[in-house]
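First comes the structure, then the notes that go with it.
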Amino acid sequence: MRINKELIEDIIKEATSQSASLTEVFALNSRTLNIEVKSQEIENIDISESTGYAIRVIKNGRPGFSYSTEPERYKEVVKEAITTSELTSEDPCLDIASASDIPSVRIYDEDISSIDRNRATDLVMSIEQAALSHDKRIKKVRKAGGSFTESEIIILNSKGFEGSFKATSCTAHITLAAEDKGDAQMGWGYAGSRRLSDIDFKRVGREAAERAISLLGARRARTCKTYVLLDTSVAAEFLSVLSSSFSADNVQKGKSLLIDKMDKQVFSDRINIMDNALVDYLLGSRPFDAEGVSSQKNLLVEKGVLRMYLHNLYTARKGSTQSTANAVRGGIFTPPSVGISNLYIEASDERYSYSFDELIKQMNQGVVVTEAMGVHTANPVTGEFSFGITGLWVENGEIKHPIKEAAISGNMLDIFSKVVGVGNELRFYGKIGTPHLLIEGVDISG
């Protein structure tokens, strides 16, 4: 049974009758088709459907929370939320969203919502076909997969907010190995969007093959301090580590690299960093956040200067400011926290935007980092990191050969402060997007 507006209205009435001062109901209905193939055979097909609702109440200034996947139990679930509130402490920063105008953003694609199993399977198989036919050195495909999701979010609260939206999403991915003369290298490909036509399934396979082949015959790198050109995927991993530092919740708890950095030059003046939920068809786009606050475009970093943190209603009230519409949830199972929508880097001026070939030509020597191992191990509080890399050695503005068994080390803020060139192609990996980033003076050890 799908959760609908009428049930949610009944839940709010029930909570009010049990003396809740404020009540919010968050409901989710979703359906996902997952397909995995190997050797042009279907390895797994899974269709999952989920529906459920979460209730937040504020009673006597105390928060209560409960959730369920059973609509018929809503009176019991309300009672559980009320009971929970009696066990918590009073908190003056608690609030729920007021009614407001909701912006428009395109996040629904009929081609995804209506896709059948046969067409979806053909698309996923085309990823593997494209990879295997690209080069005879592609010997093994570990897994090719795709997911196709349709979801609906509904939020109603006792302050008069009523909002809902339907969204779709699709992702495609592959992992494979290239082998030649006793050498083996891994490659992968990925694409994701809320619109099916944005995803070139064959390109995902070809890019994985090209990534693996480019690393065959890799040599050891030499130790030096030099230019590093981060591939878009690696730059996205770096930005992912940094993303938690923009959270006002982490700032308020002393767990951010950006504490006391407001309006200071923290990053290179050649980059802006945005969080924007209003870009059509990106995976993090939505008209309002997980509390019902209308989405907006947030300029976090302007020409390297930190301009704002990301807030939900709680951190905004605690910090005496306004929510930036960055409340997120892990489904129905948790209350809202602070998170990103679409976080991405762009050049602060066209003068700093270059094609990939132009960036390579700026390097007298250095490394194009195509893979970094263990980026998630970087310390999110201090920013310190050290991890292995593979990539392509550059001399005199030309790619010479692949490298292996190298490592880079440093500090995340230091890395982003040394950006001297920004690629002109922005690519998203999930909710994080980056162009290529050219960075000077990075320590590489062979």
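Chain labels run A, B, ... following the order of the structure tokens; each chain numbers its residues from 1, and ligands are numbered from 1 in the order shown.
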
Please report, as a PyMOL selection string, each residue of stretch 20-210 of chain A to which DSSP assigns alpha helix (DSSP H) when run on this structure's backbone.
-> chain A and resi 74-85+110-113+117-134+201-210

If you take only C-alpha atoms and a cut-off of 12 Å, which residues of stretch 243-286 of chain A touch stretch 194-207 of chain A, and what are their nearest atom pairs and distances in Å to one decimal, in chain and number order, as a tab-separated table?
residue	atom	partner	partner_atom	distance
A:Val279	CA	A:Arg194	CA	10.8
A:Asp280	CA	A:Arg194	CA	8.4
A:Tyr281	CA	A:Arg194	CA	4.7
A:Leu282	CA	A:Arg194	CA	6.0
A:Leu283	CA	A:Arg194	CA	5.8
A:Gly284	CA	A:Arg194	CA	9.1
A:Ser285	CA	A:Arg194	CA	8.8
A:Arg286	CA	A:Arg194	CA	10.7

Suppose we keep C-alpha atoms; can you now write the selection as a CSV table (one decimal), in the first residue's frame?
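Saved the output as again.csv:
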chain,number,residue,atom,x,y,z
A,279,VAL,CA,19.9,21.8,-12.0
A,280,ASP,CA,17.7,19.8,-14.2
A,281,TYR,CA,18.1,16.0,-14.1
A,282,LEU,CA,21.1,15.9,-11.7
A,283,LEU,CA,20.9,13.1,-9.1
A,284,GLY,CA,20.9,15.5,-6.2
A,285,SER,CA,18.3,17.9,-7.6
A,286,ARG,CA,14.9,18.3,-5.9

Using only C-alpha atoms, determine which residues lie at most 7 Å from A:Lys59, disregarding the query and same-chain residues fewer than 4 positions distant; provide the list as a list of chain:residue names.
->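 These residues fall inside the cut-off: A:Ala20, A:Ser21, A:Leu22, A:Pro63, A:Ser85.
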
Write out as a list in words each polymer residue whose atoms come within 8 Å of stretch 327-335 of chain A, counting only C-alpha atoms; drop sequence neighbours fewer than 3 positions from it.
->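 With the cut-off at 8 Å, the set is Phe26, Ala27, Leu28, Gly52, Tyr53, Ala54, Arg56, Phe65, Tyr67, Ser68, Asp289, Ala290, Glu291, His311, Asn312, Leu313, Val338, Gly339 and Ile340 of chain A.
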
Distance in Å - atom CA of A:Arg119 versus atom CA of A:Glu210 | 26.0 Å

Which neighbours of stretch 402-407 of chain A fall inside 6 Å, counting only C-alpha atoms, when residues of the same chain fewer than 4 positions from it are skipped, and could you give them as a PyMOL selection string?
-> chain A and resi 215+218-221+387-393+444-446

Near A:Ala177, counting only C-alpha atoms, which residues have an atom at most 10 Å away, once you skip same-chain residues fewer than 5 positions from it, shown as a PyMOL selection string?
-> chain A and resi 137-142+184-188+208-209+211-213

Prev. selection, N, CA and C atoms, output as a tab-separated table (two decimals), in the first residue's frame:
chain	number	residue	atom	x	y	z
A	137	ARG	N	42.55	-6.65	-25.74
A	137	ARG	CA	43.25	-6.82	-24.47
A	137	ARG	C	42.31	-6.78	-23.27
A	138	ILE	N	41.05	-6.45	-23.49
A	138	ILE	CA	40.06	-6.54	-22.42
A	138	ILE	C	39.67	-8.00	-22.27
A	139	LYS	N	40.14	-8.62	-21.19
A	139	LYS	CA	39.99	-10.07	-21.03
A	139	LYS	C	38.87	-10.47	-20.08
A	140	LYS	N	38.64	-9.66	-19.06
A	140	LYS	CA	37.67	-10.05	-18.05
A	140	LYS	C	36.78	-8.87	-17.67
A	141	VAL	N	35.50	-9.14	-17.60
A	141	VAL	CA	34.55	-8.17	-17.06
A	141	VAL	C	34.06	-8.73	-15.73
A	142	ARG	N	34.37	-8.03	-14.67
A	142	ARG	CA	33.94	-8.52	-13.36
A	142	ARG	C	32.44	-8.37	-13.20
A	184	ALA	N	48.45	-6.87	-15.92
A	184	ALA	CA	47.00	-6.74	-15.82
A	184	ALA	C	46.66	-5.44	-15.10
A	185	GLN	N	45.67	-4.72	-15.61
A	185	GLN	CA	45.25	-3.45	-15.02
A	185	GLN	C	43.72	-3.39	-14.99
A	186	MET	N	43.21	-2.78	-13.93
A	186	MET	CA	41.77	-2.65	-13.77
A	186	MET	C	41.28	-1.34	-14.37
A	187	GLY	N	40.02	-1.36	-14.79
A	187	GLY	CA	39.37	-0.16	-15.28
A	187	GLY	C	37.90	-0.17	-14.88
A	188	TRP	N	37.31	1.00	-14.81
A	188	TRP	CA	35.89	1.09	-14.46
A	188	TRP	C	35.24	2.24	-15.20
A	208	ALA	N	35.74	2.53	-19.53
A	208	ALA	CA	36.36	1.57	-18.62
A	208	ALA	C	37.50	0.85	-19.31
A	209	ALA	N	37.27	0.45	-20.58
A	209	ALA	CA	38.31	-0.23	-21.34
A	209	ALA	C	39.51	0.69	-21.56
A	211	ARG	N	40.45	3.20	-19.78
A	211	ARG	CA	41.12	3.46	-18.50
A	211	ARG	C	42.09	2.32	-18.17
A	212	ALA	N	41.64	1.07	-18.37
A	212	ALA	CA	42.49	-0.07	-18.07
A	212	ALA	C	43.67	-0.17	-19.04
A	213	ILE	N	43.40	0.01	-20.32
A	213	ILE	CA	44.45	-0.12	-21.35
A	213	ILE	C	45.53	0.95	-21.19

For stretch 256-273 of chain A, work out the shell of residues within 7 Å, counting only C-alpha atoms and skipping chain neighbours fewer than 4 positions away, then give it as a list in words.
-> Ser245, Asn250, Val251, Leu299, Leu300, Val301, Glu302, Lys303, Gly304, Val305, Leu306, Arg307, Met308, Tyr344, Ile345, Glu346, Ala347, Ser348, Asp349, Tyr352, Val381, Thr382, Gly383, Leu413, Phe416, Ser417, Lys418, Val419 and Val420 of chain A

Pick from A:Glu90, A:Arg106, A:Glu9, A:Asp249 nearest to A:Phe161, counting only C-alpha atoms | A:Glu9

DSSP strand (DSSP E or B) residues within stretch 64-283 of chain A, listed as a ChimeraX atom specification = /A:64-68,138-157,162-180,183-193,219-220,224-230,247,265,271-276

Expected file: the selected residues, C-alpha atoms, as a PDB file, in the first residue's frame:
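Generated output (selection10.pdb):
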ATOM      1  CA  GLY A  64      10.142  12.686  19.255  1.00  0.00           C
ATOM      2  CA  PHE A  65      10.643  10.404  16.281  1.00  0.00           C
ATOM      3  CA  SER A  66       9.245   7.122  14.953  1.00  0.00           C
ATOM      4  CA  TYR A  67       8.750   5.409  11.614  1.00  0.00           C
ATOM      5  CA  SER A  68       6.934   2.495  10.017  1.00  0.00           C
ATOM      6  CA  ILE A 138      40.062  -6.538 -22.417  1.00  0.00           C
ATOM      7  CA  LYS A 139      39.989 -10.068 -21.033  1.00  0.00           C
ATOM      8  CA  LYS A 140      37.666 -10.046 -18.046  1.00  0.00           C
ATOM      9  CA  VAL A 141      34.554  -8.167 -17.056  1.00  0.00           C
ATOM     10  CA  ARG A 142      33.937  -8.523 -13.362  1.00  0.00           C
ATOM     11  CA  LYS A 143      30.510  -6.976 -13.440  1.00  0.00           C
ATOM     12  CA  ALA A 144      28.342  -4.649 -15.491  1.00  0.00           C
ATOM     13  CA  GLY A 145      25.211  -3.245 -13.945  1.00  0.00           C
ATOM     14  CA  GLY A 146      22.456  -0.712 -14.105  1.00  0.00           C
ATOM     15  CA  SER A 147      19.719   0.563 -11.822  1.00  0.00           C
ATOM     16  CA  PHE A 148      16.444   2.265 -12.733  1.00  0.00           C
ATOM     17  CA  THR A 149      14.448   3.959  -9.949  1.00  0.00           C
ATOM     18  CA  GLU A 150      11.182   5.844  -9.621  1.00  0.00           C
ATOM     19  CA  SER A 151      10.392   7.474  -6.293  1.00  0.00           C
ATOM     20  CA  GLU A 152       7.907   9.797  -4.653  1.00  0.00           C
ATOM     21  CA  ILE A 153       8.486  12.048  -1.641  1.00  0.00           C
ATOM     22  CA  ILE A 154       5.612  13.609   0.335  1.00  0.00           C
ATOM     23  CA  ILE A 155       6.033  15.987   3.268  1.00  0.00           C
ATOM     24  CA  LEU A 156       3.217  17.545   5.285  1.00  0.00           C
ATOM     25  CA  ASN A 157       3.439  19.320   8.607  1.00  0.00           C
ATOM     26  CA  GLU A 162       2.396  20.532   1.894  1.00  0.00           C
ATOM     27  CA  GLY A 163       4.751  19.308  -0.796  1.00  0.00           C
ATOM     28  CA  SER A 164       5.417  16.287  -2.941  1.00  0.00           C
ATOM     29  CA  PHE A 165       7.476  15.363  -5.952  1.00  0.00           C
ATOM     30  CA  LYS A 166       8.170  12.358  -8.136  1.00  0.00           C
ATOM     31  CA  ALA A 167      11.701  11.687  -9.324  1.00  0.00           C
ATOM     32  CA  THR A 168      13.548   9.124 -11.399  1.00  0.00           C
ATOM     33  CA  SER A 169      17.165   8.066 -11.510  1.00  0.00           C
ATOM     34  CA  CYS A 170      19.369   5.741 -13.511  1.00  0.00           C
ATOM     35  CA  THR A 171      22.977   4.626 -13.077  1.00  0.00           C
ATOM     36  CA  ALA A 172      25.276   2.469 -15.200  1.00  0.00           C
ATOM     37  CA  HIS A 173      28.607   0.962 -14.166  1.00  0.00           C
ATOM     38  CA  ILE A 174      31.227  -1.629 -15.096  1.00  0.00           C
ATOM     39  CA  THR A 175      34.483  -3.021 -13.683  1.00  0.00           C
ATOM     40  CA  LEU A 176      36.911  -4.920 -15.912  1.00  0.00           C
ATOM     41  CA  ALA A 177      40.525  -5.964 -16.448  1.00  0.00           C
ATOM     42  CA  ALA A 178      42.922  -5.530 -19.362  1.00  0.00           C
ATOM     43  CA  GLU A 179      45.825  -7.962 -19.825  1.00  0.00           C
ATOM     44  CA  ASP A 180      48.907  -7.803 -22.022  1.00  0.00           C
ATOM     45  CA  ASP A 183      50.552  -7.253 -17.054  1.00  0.00           C
ATOM     46  CA  ALA A 184      46.996  -6.742 -15.816  1.00  0.00           C
ATOM     47  CA  GLN A 185      45.251  -3.454 -15.019  1.00  0.00           C
ATOM     48  CA  MET A 186      41.771  -2.649 -13.767  1.00  0.00           C
ATOM     49  CA  GLY A 187      39.367  -0.156 -15.278  1.00  0.00           C
ATOM     50  CA  TRP A 188      35.891   1.088 -14.457  1.00  0.00           C
ATOM     51  CA  GLY A 189      33.170   3.266 -15.907  1.00  0.00           C
ATOM     52  CA  TYR A 190      30.177   5.062 -14.437  1.00  0.00           C
ATOM     53  CA  ALA A 191      27.338   7.371 -15.421  1.00  0.00           C
ATOM     54  CA  GLY A 192      24.230   8.556 -13.595  1.00  0.00           C
ATOM     55  CA  SER A 193      21.313  10.896 -14.239  1.00  0.00           C
ATOM     56  CA  ARG A 219      56.571   2.012 -14.686  1.00  0.00           C
ATOM     57  CA  ARG A 220      57.509   3.160 -11.221  1.00  0.00           C
ATOM     58  CA  CYS A 224      59.523  14.671  -6.777  1.00  0.00           C
ATOM     59  CA  LYS A 225      57.413  17.757  -6.112  1.00  0.00           C
ATOM     60  CA  THR A 226      55.567  18.512  -9.296  1.00  0.00           C
ATOM     61  CA  TYR A 227      52.301  19.188 -11.118  1.00  0.00           C
ATOM     62  CA  VAL A 228      49.392  16.827 -10.603  1.00  0.00           C
ATOM     63  CA  LEU A 229      46.378  16.764 -12.904  1.00  0.00           C
ATOM     64  CA  LEU A 230      43.470  15.112 -11.132  1.00  0.00           C
ATOM     65  CA  SER A 247      28.163  21.055   7.011  1.00  0.00           C
ATOM     66  CA  GLN A 265      40.849  32.912   1.392  1.00  0.00           C
ATOM     67  CA  ILE A 271      37.719  28.024  -8.265  1.00  0.00           C
ATOM     68  CA  ASN A 272      34.149  28.444  -7.064  1.00  0.00           C
ATOM     69  CA  ILE A 273      32.362  25.668  -5.172  1.00  0.00           C
ATOM     70  CA  MET A 274      28.585  25.427  -5.492  1.00  0.00           C
ATOM     71  CA  ASP A 275      25.790  23.399  -3.959  1.00  0.00           C
ATOM     72  CA  ASN A 276      22.801  23.592  -6.251  1.00  0.00           C
TER      73      ASN A 276
END

Interatomic distance, atom CA of A:Gln18 to atom CA of A:Thr51 (Å, one decimal) |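 One can read the atom CA of A:Gln18 to atom CA of A:Thr51 distance as 24.9 Å.
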
Looking at A:Val57, A:Ile115, A:Ala99, A:Leu216, which one is nearest to A:Thr83, with distances taken over only C-alpha atoms?
-> A:Val57

For A:Ala378, which residue out of A:Ser243, A:Ser48, A:Asn411, A:Gln129 is the nearest one, using only C-alpha atoms?
-> A:Asn411

Pick from A:Tyr74, A:Leu310, A:Asn342, A:Thr88: nearest to A:Arg62, with only C-alpha atoms counted?
->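 So, comparing all the options, the nearest one is A:Thr88.
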
Determine the nearest neighbour of A:Ser214 from the options A:Thr370, A:Asn298, A:Asn326, A:Ser114, counting only C-alpha atoms.
-> A:Thr370

Please measure the separation of atom CA of A:Gly423 and atom CA of A:Tyr354, giving the value in Å to one decimal.
-> 5.0 Å

Judged by only C-alpha atoms, the minimum distance to A:Ala372 among A:Phe238, A:Phe246, A:Tyr314, A:Tyr309 is found for A:Phe238
